[in-house]
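Raw contents of run-v1.txt, compact mmCIF, C-alpha atoms and all ligand atoms:
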# COMPACT_ATOMS: atom_id res chain seq x y z
CA MET A 19 -36.04 68.05 80.53
CA ARG A 20 -32.37 68.73 81.03
CA SER A 21 -32.36 72.27 79.65
CA ALA A 22 -35.53 73.07 81.56
CA ILE A 23 -33.83 72.17 84.80
CA PHE A 24 -30.79 74.28 83.99
CA THR A 25 -32.92 77.27 83.04
CA LEU A 26 -34.96 77.02 86.20
CA VAL A 27 -31.99 76.63 88.51
CA ALA A 28 -29.84 79.21 86.75
CA GLY A 29 -32.57 81.81 87.07
CA PHE A 30 -32.96 81.13 90.74
CA VAL A 31 -29.27 81.37 91.53
CA ALA A 32 -28.58 84.32 89.23
CA SER A 33 -31.29 86.36 90.90
CA SER A 34 -29.52 86.03 94.23
CA SER A 35 -25.96 86.66 93.09
CA ALA A 36 -23.88 89.55 91.89
CA ALA A 37 -22.82 89.82 88.26
CA ALA A 38 -19.65 87.92 87.40
CA VAL A 39 -17.69 86.90 84.36
CA LYS A 40 -19.17 83.81 82.75
CA ARG A 41 -16.77 80.89 83.06
CA GLU A 42 -16.04 78.15 80.52
CA SER A 43 -14.78 75.45 82.85
CA ASP A 44 -14.62 74.41 86.46
CA SER A 45 -13.52 71.48 88.54
CA VAL A 46 -15.72 68.88 90.16
CA HIS A 47 -14.88 66.61 93.07
CA PHE A 48 -16.54 63.25 93.61
CA CYS A 49 -15.98 60.04 95.54
CA VAL A 50 -17.36 56.52 95.66
CA ASP A 51 -18.22 56.80 99.38
CA PHE A 52 -20.16 59.33 101.45
CA ASP A 53 -18.40 62.35 102.96
CA PHE A 54 -15.80 62.38 100.18
CA GLN A 55 -14.22 59.13 101.29
CA GLY A 56 -12.90 56.15 99.34
CA ASN A 57 -11.72 56.45 95.76
CA CYS A 58 -12.05 60.12 94.73
CA LYS A 59 -11.42 62.19 91.64
CA ASP A 60 -10.90 65.87 90.87
CA GLN A 61 -11.76 66.57 87.25
CA ILE A 62 -11.62 69.75 85.21
CA VAL A 63 -14.75 69.91 83.07
CA GLU A 64 -16.02 72.15 80.33
CA LEU A 65 -19.28 73.75 81.40
CA GLU A 66 -22.51 72.94 79.56
CA LYS A 67 -21.02 69.74 78.18
CA CYS A 68 -22.11 66.21 79.02
CA ILE A 69 -19.36 64.25 80.76
CA ALA A 70 -19.57 60.47 80.98
CA VAL A 71 -18.41 59.13 84.33
CA ASP A 72 -15.23 57.03 84.12
CA ALA A 73 -15.68 53.28 84.50
CA ASP A 74 -14.05 53.38 87.94
CA PHE A 75 -16.87 55.62 89.19
CA ASP A 76 -19.82 54.59 87.05
CA ASN A 77 -22.82 53.80 89.30
CA LYS A 78 -20.60 54.22 92.38
CA ILE A 79 -20.55 57.95 93.19
CA SER A 80 -21.84 58.70 96.69
CA SER A 81 -20.60 62.27 97.18
CA PHE A 82 -20.23 65.01 94.60
CA GLU A 83 -19.50 68.74 94.66
CA PRO A 84 -18.86 71.45 92.08
CA GLY A 85 -15.52 73.19 92.49
CA SER A 86 -16.80 76.72 92.92
CA ALA A 87 -19.74 78.44 94.48
CA PHE A 88 -21.51 79.51 91.31
CA THR A 89 -21.29 76.24 89.44
CA PHE A 90 -24.03 73.66 89.71
CA CYS A 91 -24.17 70.20 88.19
CA ALA A 92 -26.91 67.83 87.15
CA LEU A 93 -26.34 64.10 87.56
CA PHE A 94 -27.87 61.63 85.16
CA ASP A 95 -28.83 57.99 85.38
CA ASP A 96 -27.61 57.27 81.84
CA ALA A 97 -24.28 57.95 80.13
CA HIS A 98 -25.60 60.68 77.81
CA CYS A 99 -27.21 63.24 80.14
CA GLN A 100 -30.76 62.30 79.21
CA GLN A 101 -32.32 61.16 82.51
CA PRO A 102 -31.65 63.64 85.35
CA ILE A 103 -31.61 62.31 88.90
CA ALA A 104 -30.25 65.26 90.89
CA VAL A 105 -29.01 68.83 90.73
CA ILE A 106 -26.00 69.50 92.95
CA PHE A 107 -24.92 72.87 94.29
CA SER A 108 -21.73 73.86 96.04
CA SER A 109 -21.90 73.63 99.81
CA VAL A 110 -21.11 77.35 99.78
CA ILE A 111 -24.58 77.94 98.28
CA ASP A 112 -26.48 74.98 99.65
CA SER A 113 -26.28 74.75 103.43
CA ASP A 114 -28.30 71.53 103.22
CA SER A 115 -25.77 69.79 100.98
CA GLN A 116 -24.60 67.51 103.81
CA ASN A 117 -21.05 67.28 102.57
CA GLY A 118 -22.01 66.35 99.04
CA ARG A 119 -23.94 63.29 100.15
CA LEU A 120 -26.13 61.86 97.42
CA ASP A 121 -29.60 60.75 98.43
CA PRO A 122 -29.60 56.99 99.05
CA ALA A 123 -33.20 56.80 97.86
CA THR A 124 -32.73 58.48 94.50
CA THR A 125 -29.17 59.33 93.52
CA ASN A 126 -26.54 57.32 95.37
CA ASP A 127 -24.57 54.85 93.21
CA ARG A 128 -26.59 55.76 90.12
CA ALA A 129 -24.85 58.56 88.22
CA SER A 130 -23.35 57.64 84.85
CA SER A 131 -22.93 61.16 83.47
CA PHE A 132 -23.09 64.75 84.61
CA GLU A 133 -23.22 68.23 83.20
CA CYS A 134 -22.28 71.43 84.99
CA ALA A 135 -23.18 75.01 84.26
CA ASP A 136 -22.38 78.50 85.45
CA ALA A 137 -25.27 79.74 87.54
CA VAL A 138 -24.45 83.33 86.62
CA GLN A 139 -25.81 83.89 83.12
CA CA B 201 -20.84 54.50 96.41

Represent the supplied structure as structure tokens.
Amino acid sequence: MRSAIFTLVAGFVASSSAAAVKRESDSVHFCVDFDFQGNCKDQIVELEKCIAVDADFDNKISSFEPGSAFTFCALFDDAHCQQPIAVIFSSVIDSDSQNGRLDPATTNDRASSFECADAVQ
């Protein structure tokens, strides 16, 4: 399920972007409240690696954004990137991102792990 999502999304984004050097890491920015308020964290992450959310943020994240335009991240309900609940793009790409706001119905206060990837393959 996870790799299928990445393949689908990567193909979509890559087809609309210019060639670029594939990156190994990026930053992510996330907060416990909407609109990047409350307790926040900037974290450098290796791409294509499952990252467990720190205890301070586990099941609390309400806004999330990849650090650069061509990185996207999947959020997962569990701590081991098995049950995807959302795919998040940079606001540079996704004009509907609403300041990183996670959907209250499906994603808000649920993420326990995430994995990011370079959309340019
Ligand atoms: Ca929250």

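Minimum atom-to-atom distance to Asp95 (chain A), evaluated using all atoms listed in the file, belongs to A:Ala129 out of A:Ile111, A:Ile62, A:Ala129, A:Val71.
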
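Restricting the calculation to all atoms listed in the file, the smallest distance between ligand CA 201 (chain B) and any of A:Phe107, A:Thr125, A:Asp96, A:Ser131 is found for A:Thr125.
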
Would you mind listing the residues within 9 Å of ligand CA 201 (chain B), counting all atoms listed in the file, as a list in words?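 The distance check yields Cys49, Val50, Asp51, Phe52, Gly56, Phe75, Asn77, Lys78, Ile79, Ser80, Ser81, Asn126, Asp127 and Arg128 of chain A.
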
Spatial neighbours of Ala97 (chain A), max dist 9 Å, only C-alpha atoms, sep filter under 2 positions, as a ChimeraX atom specification: /A:68-71,76,94-95,99-101,129-132

What would the file look like if the residues just selected were written as a tab-separated table (two decimals), in the coordinates of the input with C-alpha atoms?
chain	number	residue	atom	x	y	z
A	68	CYS	CA	-22.11	66.21	79.02
A	69	ILE	CA	-19.36	64.25	80.76
A	70	ALA	CA	-19.57	60.47	80.98
A	71	VAL	CA	-18.41	59.13	84.33
A	76	ASP	CA	-19.82	54.59	87.05
A	94	PHE	CA	-27.87	61.63	85.16
A	95	ASP	CA	-28.83	57.99	85.38
A	99	CYS	CA	-27.21	63.24	80.14
A	100	GLN	CA	-30.76	62.30	79.21
A	101	GLN	CA	-32.32	61.16	82.51
A	129	ALA	CA	-24.85	58.56	88.22
A	130	SER	CA	-23.35	57.64	84.85
A	131	SER	CA	-22.93	61.16	83.47
A	132	PHE	CA	-23.09	64.75	84.61

Mind giving me the straight-line distance from CA of Lys67 (chain A) to CA of Val46 (chain A) in Å, one decimal? 13.1 Å

Residue nearest Arg119 (chain A) - candidates A:Phe90, A:Glu42, A:Asp74, A:Glu83, atoms counted: all atoms listed in the file: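 Closest to Arg119 (chain A), using all atoms listed in the file: A:Glu83.
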
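Take CA of Asp114 (chain A) and CA of Cys91 (chain A): the distance between them is 15.6 Å.
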
Do you have the CA of Ala104 (chain A)-CA of Leu65 (chain A) distance handy?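 Computing it gives 16.8 Å between the two atoms.
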